[in-house]
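Structure file run22.cif; described as mmCIF, C-alpha atoms.
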```cif
data_query
loop_
_atom_site.label_atom_id
_atom_site.label_comp_id
_atom_site.auth_asym_id
_atom_site.auth_seq_id
_atom_site.Cartn_x
_atom_site.Cartn_y
_atom_site.Cartn_z
CA MET Q 1 19.92 49.45 -26.11
CA ARG Q 2 22.12 52.47 -26.53
CA ARG Q 3 25.82 53.06 -27.05
CA PRO Q 4 27.92 55.98 -25.82
CA VAL Q 5 28.44 58.68 -28.42
CA SER Q 6 32.18 58.15 -28.23
CA VAL Q 7 31.72 54.53 -29.28
CA LEU Q 8 29.49 55.53 -32.19
CA ALA Q 9 31.93 58.21 -33.24
CA GLU Q 10 34.81 55.78 -33.28
CA ARG Q 11 32.87 53.02 -35.00
CA TRP Q 12 30.88 54.96 -37.57
CA GLY Q 13 32.30 58.47 -37.64
CA ASP Q 14 34.15 57.95 -40.91
CA SER Q 15 31.20 56.15 -42.43
CA LEU Q 16 28.81 58.98 -41.53
CA TYR Q 17 31.28 61.52 -42.85
CA ARG Q 18 31.58 59.69 -46.17
CA ALA Q 19 27.82 59.38 -46.55
CA ALA Q 20 27.37 63.06 -45.71
CA PHE Q 21 30.11 64.07 -48.10
CA ALA Q 22 28.64 61.95 -50.89
CA VAL Q 23 25.43 63.95 -50.47
CA CYS Q 24 26.57 67.50 -49.75
CA ARG Q 25 29.99 67.42 -51.50
CA ASN Q 26 31.53 69.73 -48.98
CA PRO Q 27 33.95 68.72 -46.21
CA GLN Q 28 32.91 71.40 -43.73
CA ASP Q 29 29.24 70.67 -44.19
CA ALA Q 30 29.97 66.96 -43.85
CA GLU Q 31 31.74 67.64 -40.56
CA ASP Q 32 28.76 69.61 -39.35
CA VAL Q 33 26.46 66.81 -40.38
CA VAL Q 34 28.41 64.28 -38.32
CA GLN Q 35 28.38 66.60 -35.32
CA ASP Q 36 24.67 67.24 -35.65
CA THR Q 37 23.90 63.58 -36.16
CA LEU Q 38 25.75 62.51 -33.03
CA LEU Q 39 24.16 65.35 -31.13
CA ALA Q 40 20.73 64.23 -32.33
CA TYR Q 41 21.52 60.76 -31.06
CA PHE Q 42 22.59 62.08 -27.69
CA ARG Q 43 19.48 64.19 -27.31
CA SER Q 44 17.21 61.37 -28.38
CA ASP Q 45 15.73 59.01 -25.83
CA LYS Q 46 15.21 56.39 -28.50
CA GLN Q 47 16.06 52.83 -27.60
CA PHE Q 48 17.51 50.62 -30.31
CA GLU Q 49 17.15 46.94 -30.99
CA SER Q 50 20.69 46.34 -32.20
CA ASP Q 51 23.88 47.97 -33.42
CA GLU Q 52 22.58 47.66 -36.95
CA HIS Q 53 19.46 49.55 -35.90
CA ILE Q 54 21.63 52.34 -34.48
CA ARG Q 55 23.72 52.44 -37.65
CA ALA Q 56 20.66 52.69 -39.89
CA TRP Q 57 19.21 55.47 -37.72
CA LEU Q 58 22.47 57.42 -37.79
CA ILE Q 59 22.78 57.10 -41.56
CA ARG Q 60 19.19 58.19 -42.11
CA VAL Q 61 19.70 61.24 -39.91
CA ALA Q 62 23.04 62.05 -41.54
CA VAL Q 63 21.63 61.79 -45.07
CA ASN Q 64 18.70 64.02 -44.20
CA LYS Q 65 20.93 66.58 -42.56
CA ALA Q 66 23.30 66.49 -45.52
CA LYS Q 67 20.40 67.07 -47.89
CA ASN Q 68 19.32 70.01 -45.78
CA ALA Q 69 22.85 71.39 -45.87
CA THR Q 70 22.77 71.49 -49.67
CA VAL Q 71 19.70 73.72 -49.72
CA CYS Q 72 20.70 75.96 -46.83
CA PHE Q 73 20.60 79.60 -47.87
CA TRP Q 74 23.67 80.47 -45.85
CA ARG Q 75 26.80 78.69 -46.93
CA ARG Q 76 30.12 79.33 -45.34
CA ASN Q 77 33.27 80.26 -47.16
CA ARG Q 78 35.00 77.08 -47.96
CA ARG Q 79 37.56 75.31 -50.00
CA SER Q 80 36.41 74.36 -53.42
CA LEU Q 81 35.59 70.75 -54.07
CA GLU Q 82 38.49 70.61 -56.52
CA ASP Q 83 40.95 71.84 -53.90
CA TYR Q 84 39.67 69.32 -51.41
CA MET Q 85 39.86 66.49 -53.90
CA ASP Q 86 43.40 67.47 -54.82
CA ALA Q 87 44.42 67.18 -51.18
CA LEU Q 88 43.06 63.65 -50.82
CA THR Q 89 45.36 60.67 -51.13
CA PHE Q 90 43.95 57.88 -53.26
CA GLU Q 91 45.33 54.37 -53.45
CA ASP Q 92 44.87 54.41 -57.18
CA GLU Q 93 44.45 57.37 -59.49
CA GLY Q 94 41.38 55.69 -60.95
CA ASP Q 95 39.77 56.06 -57.51
CA ARG Q 96 39.95 59.82 -57.84
CA ASP Q 97 38.15 59.62 -61.17
CA LEU Q 98 35.52 57.38 -59.66
CA MET Q 99 34.83 59.70 -56.74
CA ASP Q 100 34.81 62.68 -59.06
CA ALA Q 101 32.33 60.95 -61.35
CA VAL Q 102 30.06 60.03 -58.44
CA LEU Q 103 30.13 63.56 -57.06
CA ARG Q 104 29.10 64.94 -60.44
CA LEU Q 105 25.92 62.87 -60.46
CA PRO Q 106 22.61 64.36 -59.36
CA GLU Q 107 22.06 64.11 -55.61
CA ARG Q 108 19.24 61.58 -55.89
CA TYR Q 109 21.58 59.15 -57.64
CA ARG Q 110 24.55 59.80 -55.37
CA ILE Q 111 22.66 58.91 -52.22
CA VAL Q 112 21.37 55.63 -53.56
CA LEU Q 113 24.71 54.64 -55.07
CA HIS Q 114 26.57 55.37 -51.85
CA LEU Q 115 24.20 53.40 -49.67
CA PHE Q 116 24.29 50.51 -52.12
CA TYR Q 117 27.99 50.34 -52.93
CA TYR Q 118 29.60 51.66 -49.77
CA GLU Q 119 27.18 50.77 -47.00
CA ASP Q 120 26.10 47.48 -48.60
CA TYR Q 121 22.42 48.16 -48.13
CA SER Q 122 19.93 46.27 -50.28
CA ILE Q 123 17.39 48.03 -52.47
CA ARG Q 124 14.68 47.24 -49.94
CA GLU Q 125 16.76 48.64 -47.09
CA ILE Q 126 17.61 51.79 -49.04
CA ALA Q 127 13.94 52.29 -49.79
CA ALA Q 128 13.17 52.09 -46.08
CA LEU Q 129 16.04 54.40 -45.15
CA LEU Q 130 15.10 57.08 -47.66
CA ASN Q 131 11.35 56.60 -47.38
CA LEU Q 132 11.13 55.77 -51.08
CA GLY Q 133 9.48 53.01 -53.04
CA GLU Q 134 11.70 50.13 -54.13
CA GLY Q 135 10.94 50.97 -57.75
CA ALA Q 136 12.29 54.48 -57.30
CA VAL Q 137 15.46 53.15 -55.69
CA LYS Q 138 15.98 50.63 -58.52
CA SER Q 139 15.46 53.34 -61.09
CA ARG Q 140 17.92 55.73 -59.46
CA LEU Q 141 20.48 53.00 -58.99
CA SER Q 142 20.17 51.98 -62.61
CA ARG Q 143 20.48 55.52 -63.95
CA GLY Q 144 23.37 56.28 -61.66
CA ARG Q 145 25.20 53.18 -62.85
CA GLN Q 146 24.56 54.07 -66.47
CA GLN Q 147 26.02 57.51 -66.00
CA LEU Q 148 29.07 56.14 -64.21
CA ARG Q 149 29.56 53.62 -66.99
CA LYS Q 150 29.33 56.42 -69.53
CA THR Q 151 31.88 58.55 -67.68
CA LEU Q 152 34.29 55.91 -66.50
CA THR Q 153 33.93 53.51 -69.46
CA GLU Q 154 36.04 50.45 -68.78
CA GLU Q 155 36.76 51.50 -65.18
CA TRP Q 156 33.16 50.73 -64.28
CA ASP Q 157 31.73 47.32 -65.10
CA ASP Q 158 28.36 47.06 -66.74
CA GLU Q 159 25.91 45.58 -64.26
CA GLN Q 160 22.43 44.20 -64.54
CA SER Q 161 20.13 46.72 -62.95
CA MET A 1 38.10 44.18 -58.59
CA ASN A 2 34.37 44.74 -58.96
CA ASN A 3 32.44 47.99 -58.84
CA ARG A 4 31.64 47.74 -55.15
CA GLU A 5 35.28 47.19 -54.22
CA ARG A 6 36.36 50.08 -56.43
CA TYR A 7 33.74 52.34 -54.94
CA LYS A 8 34.74 51.48 -51.37
CA ARG A 9 38.41 51.97 -52.04
CA ALA A 10 37.76 55.37 -53.58
CA PHE A 11 35.64 56.66 -50.71
CA GLN A 12 37.96 55.30 -48.08
CA ALA A 13 40.22 58.20 -49.03
CA LEU A 14 37.81 60.34 -47.02
CA HIS A 15 38.36 60.56 -43.30
CA ALA A 16 36.46 62.53 -40.72
CA PRO A 17 38.66 65.07 -38.95
CA ASN A 18 37.89 63.50 -35.57
CA ASN A 19 39.39 65.99 -33.20
CA GLU A 20 37.55 68.87 -34.73
CA TRP A 21 34.11 67.46 -34.96
CA LEU A 22 34.20 65.58 -31.70
CA GLU A 23 34.88 68.83 -29.94
CA ALA A 24 31.68 70.18 -31.35
CA VAL A 25 29.50 67.34 -30.14
CA ASN A 26 28.11 69.67 -27.60
CA MET A 27 24.89 69.71 -25.80
CA ASP A 28 22.48 72.52 -25.33
CA ARG A 29 25.07 75.23 -25.51
CA ASN A 30 22.35 77.80 -25.42
CA SER A 31 20.18 76.22 -22.78
CA GLN A 32 20.80 77.24 -19.23
CA HIS A 33 20.74 74.78 -16.40
CA THR A 34 21.22 77.07 -13.48
CA ARG A 35 18.84 75.27 -11.19
CA PHE A 36 18.58 71.61 -10.40
CA SER A 37 16.01 69.51 -8.69
CA LEU A 38 17.90 66.95 -6.74
CA SER A 39 16.50 64.74 -4.11
CA ARG A 40 18.46 65.21 -0.92
CA ARG A 41 18.41 61.45 -0.52
CA ALA A 42 19.97 61.00 -3.94
CA ALA A 43 22.68 63.57 -3.50
CA VAL A 44 26.13 62.06 -3.26
CA ALA A 45 29.10 64.25 -2.54
CA VAL A 46 32.51 63.11 -3.60
CA MET A 47 35.69 64.76 -2.50
CA ILE A 48 38.59 64.03 -4.77
CA ALA A 49 42.18 64.47 -3.77
CA VAL A 50 43.57 65.24 -7.16
CA LEU A 51 47.16 64.46 -6.39
CA LEU A 52 46.35 60.96 -5.41
CA VAL A 53 44.34 59.43 -8.17
CA GLY A 54 45.77 56.80 -10.44
CA SER A 55 45.36 56.00 -14.10
CA LEU A 56 43.13 57.94 -16.42
CA SER A 57 41.39 56.82 -19.57
CA ALA A 58 41.93 58.40 -22.93
CA ALA A 59 38.27 58.98 -23.64
CA TYR A 60 37.35 62.25 -25.22
CA ALA A 61 35.88 65.30 -23.60
CA ALA A 62 34.10 67.71 -25.85
CA ASP A 63 34.52 71.18 -24.52
CA LEU A 64 31.20 72.89 -24.39
CA GLY A 65 32.69 76.20 -23.51
CA GLY A 66 32.61 77.70 -20.07
CA PHE A 67 31.68 75.30 -17.35
CA ARG A 68 29.93 72.49 -19.11
CA ARG A 69 31.31 69.50 -20.94
CA MET A 70 30.07 66.31 -22.43
CA VAL A 71 32.25 63.38 -21.46
CA THR A 72 32.31 59.62 -21.46
CA LEU A 73 32.53 58.30 -17.93
CA TRP A 74 32.83 54.84 -16.47
CA PHE A 75 29.87 54.06 -14.28
CA HIS A 76 29.69 50.57 -12.89
CA GLY A 77 32.27 49.47 -15.41
CA GLN A 78 30.23 50.77 -18.36
CA ALA A 79 31.22 53.63 -20.66
CA THR A 80 28.45 56.18 -20.31
CA ASP A 81 27.75 59.56 -21.84
CA ALA A 82 27.42 62.24 -19.21
CA ARG A 83 27.35 65.99 -18.80
CA VAL A 84 29.65 67.61 -16.29
CA GLU A 85 28.86 71.10 -15.04
CA VAL A 86 31.12 73.00 -12.71
CA TYR A 87 29.80 75.88 -10.65
CA THR A 88 31.93 78.34 -8.82
CA GLY A 89 30.29 80.89 -6.60
CA GLU A 90 31.97 83.94 -5.15
CA ASP A 91 33.38 81.83 -2.36
CA GLY A 92 34.47 79.07 -4.68
CA GLY A 93 31.37 77.06 -3.87
CA VAL A 94 28.35 76.58 -6.07
CA ASP A 95 24.86 77.89 -6.46
CA VAL A 96 23.07 74.65 -7.15
CA GLU A 97 19.61 74.47 -5.70
CA TYR A 98 17.81 71.25 -5.08
CA ALA A 99 14.41 70.23 -3.91
CA SER A 100 13.90 69.56 -0.24
CA GLU A 101 11.96 66.57 1.01
CA GLY A 102 8.74 68.50 0.47
CA ASP A 103 9.65 69.24 -3.13
CA GLU A 104 10.11 72.91 -2.26
CA GLU A 105 13.22 74.69 -3.45
CA GLY A 106 15.89 74.26 -0.86
CA SER A 107 18.92 76.31 -0.04
CA PRO A 108 22.05 76.24 -2.16
CA ALA A 109 23.86 72.96 -1.86
CA PRO A 110 27.55 73.01 -1.05
CA ALA A 111 28.87 71.28 -4.13
CA SER A 112 31.15 72.18 -6.98
CA TYR A 113 30.07 69.95 -9.80
CA VAL A 114 27.03 68.12 -11.11
CA VAL A 115 27.26 65.07 -13.35
CA THR A 116 24.15 64.12 -15.29
CA TRP A 117 23.73 60.86 -17.16
CA LYS A 118 21.14 58.29 -18.08
CA ASP A 119 21.21 54.90 -16.47
CA GLU A 120 20.58 51.58 -18.17
CA ASN A 121 16.82 52.17 -17.90
CA GLY A 122 17.00 55.57 -19.58
CA GLU A 123 16.34 57.39 -16.34
CA GLU A 124 18.24 60.64 -15.88
CA ARG A 125 20.49 60.54 -12.85
CA GLN A 126 22.69 63.11 -11.23
CA MET A 127 25.64 63.09 -8.94
CA MET A 128 27.00 66.18 -7.27
CA GLY A 129 30.12 66.85 -5.33
CA GLY A 130 33.21 68.88 -4.85
CA GLY A 131 36.92 68.42 -4.99
CA VAL A 132 40.13 70.01 -3.90
CA ALA A 133 43.67 69.87 -5.15
CA MET A 134 46.49 69.82 -2.69
CA GLU A 135 49.36 72.07 -3.65
CA ALA A 136 52.95 71.15 -2.89
CA ASP A 137 52.94 73.46 0.13
CA GLY A 138 49.88 71.73 1.55
CA THR A 139 47.34 74.40 0.69
CA GLU A 140 44.08 73.42 -0.95
CA ARG A 141 42.22 74.96 -3.84
CA PRO A 142 39.01 74.06 -5.74
CA LEU A 143 39.52 71.81 -8.74
CA THR A 144 39.22 73.26 -12.20
CA MET A 145 36.93 71.86 -14.90
CA ASP A 146 39.87 70.19 -16.58
CA GLU A 147 40.85 68.51 -13.34
CA TYR A 148 37.32 67.36 -12.59
CA VAL A 149 36.95 65.87 -16.02
CA GLU A 150 40.34 64.24 -15.81
CA GLU A 151 39.41 62.68 -12.51
CA LEU A 152 35.89 61.67 -13.41
CA MET A 153 36.89 60.17 -16.74
CA GLY A 154 39.36 57.80 -15.23
CA ALA A 155 38.30 54.18 -15.63
CA GLY A 156 39.22 53.92 -11.98
CA ALA A 157 37.31 56.99 -10.82
CA GLU A 158 35.85 56.16 -7.48
CA LEU A 159 32.16 56.64 -6.90
CA VAL A 160 29.98 56.19 -3.85
CA GLU A 161 26.33 55.47 -4.42
CA VAL A 162 23.44 55.15 -1.98
CA ASN A 163 20.51 53.07 -3.15
CA ASP A 164 16.87 53.41 -2.15
CA GLU A 165 17.37 50.98 0.73
CA GLY A 166 20.18 53.11 2.09
CA ARG A 167 22.93 50.65 1.16
CA VAL A 168 26.21 52.38 0.38
CA THR A 169 28.39 51.03 -2.42
CA LEU A 170 31.87 52.11 -3.41
CA TYR A 171 32.69 51.58 -7.08
CA TRP A 172 36.21 51.48 -8.43
CA TYR A 173 37.00 50.13 -11.88
CA ASP A 174 34.75 47.09 -12.14
CA GLN A 175 34.63 46.54 -8.40
CA ALA A 176 31.57 47.25 -6.29
CA VAL A 177 31.95 46.96 -2.53
CA ASP A 178 29.04 47.29 -0.13
CA ILE A 179 30.52 49.42 2.65
CA THR A 180 27.28 50.09 4.55
CA ASP A 181 28.35 48.13 7.60
CA ARG A 182 32.01 49.06 7.50
CA PHE A 183 31.78 52.54 9.01
CA GLU A 184 33.38 53.22 12.36
CA ASP A 185 32.92 56.66 13.92
CA GLY A 186 31.52 57.95 10.64
CA ALA A 187 34.42 56.79 8.51
CA CYS A 188 35.09 53.74 6.38
CA ARG A 189 38.63 52.86 5.36
CA LEU A 190 39.40 50.12 2.89
CA THR A 191 42.11 49.10 0.46
CA LEU A 192 41.41 47.86 -3.04
CA THR A 193 43.72 46.61 -5.73
CA HIS A 194 43.39 46.64 -9.50
CA GLY A 195 46.24 44.96 -11.32
CA ASP A 196 49.39 46.51 -9.94
CA GLU A 197 47.49 49.48 -8.53
CA THR A 198 46.65 49.69 -4.87
CA MET A 199 44.37 52.43 -3.60
CA TYR A 200 43.50 53.41 -0.06
CA PHE A 201 39.99 54.81 0.28
CA THR A 202 38.61 56.89 3.11
CA VAL A 203 34.86 57.41 2.95
CA ILE A 204 33.37 59.89 5.42
CA ASP A 205 29.64 59.94 6.19
CA ALA A 206 28.81 63.64 5.90
CA GLY A 207 25.17 63.16 6.82
CA ASP A 208 22.00 63.59 4.79
CA GLY A 209 23.06 60.80 2.46
CA ALA A 210 26.26 62.57 1.41
CA TYR A 211 29.66 60.95 1.49
CA ASN A 212 33.14 62.35 1.01
CA VAL A 213 35.62 60.04 -0.65
CA SER A 214 39.35 60.44 -0.62
CA ALA A 215 41.67 58.10 -2.46
CA SER A 216 45.40 57.79 -2.09
CA GLU A 217 48.06 55.45 -3.34
CA ASP A 218 50.19 56.28 -0.30
CA GLY A 219 47.83 55.49 2.57
CA TYR A 220 44.57 56.58 4.13
CA VAL A 221 43.75 60.27 4.01
CA ASP A 222 42.41 61.57 7.32
#
```

For the structure just supplied, provide its representation as structure tokens.
Amino acid sequence: MRRPVSVLAERWGDSLYRAAFAVCRNPQDAEDVVQDTLLAYFRSDKQFESDEHIRAWLIRVAVNKAKNATVCFWRRNRRSLEDYMDALTFEDEGDRDLMDAVLRLPERYRIVLHLFYYEDYSIREIAALLNLGEGAVKSRLSRGRQQLRKTLTEEWDDEQS
Amino acid sequence: MNNRERYKRAFQALHAPNNEWLEAVNMDRNSQHTRFSLSRRAAVAVMIAVLLVGSLSAAYAADLGGFRRMVTLWFHGQATDARVEVYTGEDGGVDVEYASEGDEEGSPAPASYVVTWKDENGEERQMMGGGVAMEADGTERPLTMDEYVEELMGAGAELVEVNDEGRVTLYWYDQAVDITDRFEDGACRLTLTHGDETMYFTVIDAGDGAYNVSASEDGYVD
């Protein structure tokens, strides 16, 4: 099965953008990642088993493209992350601190945390998406949580890893 | 509120700037499709009377620059990704070439646009045709890209299709009418309704498997 790009864009555009931003920490790059991901879908002849299969494929492509964006030699002039964050409207001021803390983590932790906490993927699913072992995912998730706990103190509950 | 809920609430502050990045969902900007291989049997010409078409959908059209756009069209009642290319030759026609029956390059086909999409089996399909707009003083002019896209993207965009058995079907919204046996003197006229909308269709057999379709809310177009 396949879905029109417009349907995917409406359904998962924000989600792809958030995942890309969590990785590359730059709004313009995140926009480019969403564009490139949808374009990759359009150009692909791949048939999918379900909507969930499409979603997982899009997220995998978006994460990989976002990772590539962070190592690209050429980077465009852009607003600083601080300026961009200042322009965002958060429901609670603690949310700004949380996003800021996440974005300060190393990339390998950010990706895993985002897929786990925002996209609701399991450790096994994240391992498959990122082509990692489950042990590596658990380790990154645990270390990411520890660092968030250290930064956010009581704003981040201690969890069993 | 647990960690997951906090995390989601924080990141929901981020929103993709839709209009900007949808515009850039472009296809093969650098690749050139100046020649096409179209089976003469598969070629379907559609003439659109732009003044006469009804409601249009609000689907997006990503401008690819120049004469090519990626759009979402309604084929057989299904939203489908498609590429629309408009060609204007010196005389306002097009320079699309298609294969003749012997698979040799044929002469330029008299058409003004080509729509390319993939059907439900993943097979690439193409439809070609032309359209004119009628000015208030009765003069005609070729449609622009914007007008073609506007017309084609309408959920009620009419489409005539000829299958391998030679059966001719007129599609409009979710209706499919076999009009093969309804031609008299090379023309088929029929009226269809969709909700409160009534449309009068005139389908002309132009030969070689091509059909011109005119649609009007005011009566049959001769």

For the interface of chain Q with chain A (cut-off 7 Å, counting all atoms listed in the file), please tabulate each contacting residue of chain Q alongside its nearest pair of atoms and their separation in Å to one decimal, rows sorted by chain and increasing number, as a tab-separated table.
```
residue	atom	partner	partner_atom	distance
Q:Pro4	CA	A:Asp81	CA	5.4
Q:Val5	CA	A:Asp81	CA	6.7
Q:Ser6	CA	A:Thr72	CA	6.9
Q:Gly13	CA	A:Ala16	CA	6.6
Q:Asp14	CA	A:Ala16	CA	5.1
Q:Tyr17	CA	A:Ala16	CA	5.7
Q:Arg18	CA	A:Leu14	CA	6.3
Q:Glu31	CA	A:Trp21	CA	6.1
Q:Gln35	CA	A:Val25	CA	5.4
Q:Leu38	CA	A:Val25	CA	6.8
Q:Leu39	CA	A:Val25	CA	5.8
Q:Leu88	CA	A:Ala13	CA	6.4
Q:Thr89	CA	A:Ala13	CA	6.1
Q:Phe90	CA	A:Ala13	CA	5.6
Q:Asp95	CA	A:Ala10	CA	4.5
Q:Arg96	CA	A:Ala10	CA	6.5
Q:Leu98	CA	A:Ala10	CA	6.8
Q:Met99	CA	A:Ala10	CA	6.1
Q:Tyr117	CA	A:Arg4	CA	5.0
Q:Tyr118	CA	A:Lys8	CA	5.4
Q:Trp156	CA	A:Asn3	CA	6.1
Q:Asp157	CA	A:Asn3	CA	6.3
```

Write the residues of the selection above to a file with C-alpha atoms, as a PDB file, in the coordinates of the input.
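Written out: selection_19.pdb:
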```
ATOM      1  CA  PRO Q   4      27.920  55.980 -25.820  1.00  0.00           C
ATOM      2  CA  VAL Q   5      28.440  58.680 -28.420  1.00  0.00           C
ATOM      3  CA  SER Q   6      32.180  58.150 -28.230  1.00  0.00           C
ATOM      4  CA  GLY Q  13      32.300  58.470 -37.640  1.00  0.00           C
ATOM      5  CA  ASP Q  14      34.150  57.950 -40.910  1.00  0.00           C
ATOM      6  CA  TYR Q  17      31.280  61.520 -42.850  1.00  0.00           C
ATOM      7  CA  ARG Q  18      31.580  59.690 -46.170  1.00  0.00           C
ATOM      8  CA  GLU Q  31      31.740  67.640 -40.560  1.00  0.00           C
ATOM      9  CA  GLN Q  35      28.380  66.600 -35.320  1.00  0.00           C
ATOM     10  CA  LEU Q  38      25.750  62.510 -33.030  1.00  0.00           C
ATOM     11  CA  LEU Q  39      24.160  65.350 -31.130  1.00  0.00           C
ATOM     12  CA  LEU Q  88      43.060  63.650 -50.820  1.00  0.00           C
ATOM     13  CA  THR Q  89      45.360  60.670 -51.130  1.00  0.00           C
ATOM     14  CA  PHE Q  90      43.950  57.880 -53.260  1.00  0.00           C
ATOM     15  CA  ASP Q  95      39.770  56.060 -57.510  1.00  0.00           C
ATOM     16  CA  ARG Q  96      39.950  59.820 -57.840  1.00  0.00           C
ATOM     17  CA  LEU Q  98      35.520  57.380 -59.660  1.00  0.00           C
ATOM     18  CA  MET Q  99      34.830  59.700 -56.740  1.00  0.00           C
ATOM     19  CA  TYR Q 117      27.990  50.340 -52.930  1.00  0.00           C
ATOM     20  CA  TYR Q 118      29.600  51.660 -49.770  1.00  0.00           C
ATOM     21  CA  TRP Q 156      33.160  50.730 -64.280  1.00  0.00           C
ATOM     22  CA  ASP Q 157      31.730  47.320 -65.100  1.00  0.00           C
TER      23      ASP Q 157
END
```

Inset, instruction - Carefully work through the PyMOL selection byres ((chain Q and resi 66) around 8) for this structure and note down the residues it includes, as a list in words. - result: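 Here the PyMOL selection byres ((chain Q and resi 66) around 8) matches Ala20, Phe21, Val23, Cys24, Asp29, Ala30, Val33, Ala62, Val63, Asn64, Lys65, Lys67, Asn68, Ala69 and Thr70 of chain Q.
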
Legend entry - Q:Asp51 surroundings by all atoms listed in the file, 10 Å radius, close-in-sequence under 4 positions cut, as a ChimeraX atom specification: /Q:1-3,8,55-57

To test the calculation: enclose all listed atoms of stretch 137-153 of chain Q in a box whose edges run along x, y and z, add 4 Å on each side, then state centre and edge lengths in Å to one decimal, as lines of an AutoDock Vina configuration file.
```
center_x = 24.9
center_y = 54.6
center_z = -62.6
size_x = 26.8
size_y = 15.9
size_z = 21.8
```

Legend entry - Within 7 Å of Q:Tyr109 using only C-alpha atoms, minus same-chain residues under 3 positions, as a list in words: Leu105, Pro106, Val112, Leu113, Arg140, Leu141 and Gly144 of chain Q

Inset, instruction - Could you check how far atom CA of A:Tyr173 sits from atom CA of A:Arg189, in Å to one decimal? - result: 17.5 Å

Inset, instruction - Kindly give the distance, in Å, that separates atom CA of A:Asn212 and atom CA of A:Cys188, rounded to a single decimal. - result: 10.3 Å

Inset, instruction - Can you work out which one of A:Leu159, A:Ala206, A:Val115, A:Gly195 has the shortest atom-to-atom distance to A:Phe183, counting only C-alpha atoms? - result: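 Closest to A:Phe183, using only C-alpha atoms: A:Ala206.
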
Inset, instruction - Calculate how many Å separate atom CA of A:His194 from atom CA of A:Trp117, rounding to one decimal. - result: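 Straight-line distance from atom CA of A:His194 to atom CA of A:Trp117 works out to 25.4 Å.
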
Inset, instruction - Give me the residues within 12 Å of A:Asp185 as a VMD selection string, counting only C-alpha atoms and dropping any in the same chain fewer than 6 places off. - result: chain A and resid 203 to 206

Inset, instruction - Would you mind listing what lies within 12 Å of Q:Leu130 as a count of residues only, with only C-alpha atoms counted and same-chain residues fewer than 2 positions away left out? - result: 25

Will you model N, CA, C and O atoms for stretch 186-196 of chain A and pass it back as a compact mmCIF listing (two decimals), keeping the file's coordinate frame?
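File produced: rebuild_16.txt:
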```
# COMPACT_ATOMS: atom_id res chain seq x y z
N GLY A 186 31.84 57.12 11.80
CA GLY A 186 31.52 57.95 10.64
C GLY A 186 32.49 57.83 9.49
O GLY A 186 32.37 58.57 8.50
N ALA A 187 33.45 56.91 9.59
CA ALA A 187 34.42 56.79 8.51
C ALA A 187 34.63 55.32 8.15
O ALA A 187 34.59 54.44 9.01
N CYS A 188 34.80 55.08 6.86
CA CYS A 188 35.09 53.74 6.38
C CYS A 188 36.44 53.78 5.66
O CYS A 188 36.65 54.64 4.79
N ARG A 189 37.33 52.92 6.03
CA ARG A 189 38.63 52.86 5.36
C ARG A 189 38.81 51.47 4.77
O ARG A 189 38.60 50.46 5.46
N LEU A 190 39.15 51.42 3.50
CA LEU A 190 39.40 50.12 2.89
C LEU A 190 40.42 50.26 1.77
O LEU A 190 40.60 51.34 1.20
N THR A 191 41.06 49.14 1.48
CA THR A 191 42.11 49.10 0.46
C THR A 191 41.66 48.18 -0.68
O THR A 191 41.19 47.07 -0.42
N LEU A 192 41.77 48.68 -1.88
CA LEU A 192 41.41 47.86 -3.04
C LEU A 192 42.59 47.81 -3.99
O LEU A 192 43.40 48.74 -4.06
N THR A 193 42.66 46.73 -4.74
CA THR A 193 43.72 46.61 -5.73
C THR A 193 43.10 46.36 -7.10
O THR A 193 42.04 45.75 -7.24
N HIS A 194 43.79 46.87 -8.10
CA HIS A 194 43.39 46.64 -9.50
C HIS A 194 44.69 46.45 -10.28
O HIS A 194 45.43 47.40 -10.50
N GLY A 195 44.96 45.24 -10.68
CA GLY A 195 46.24 44.96 -11.32
C GLY A 195 47.37 45.28 -10.35
O GLY A 195 47.38 44.79 -9.22
N ASP A 196 48.27 46.13 -10.80
CA ASP A 196 49.39 46.51 -9.94
C ASP A 196 49.06 47.72 -9.06
O ASP A 196 49.90 48.16 -8.29
```
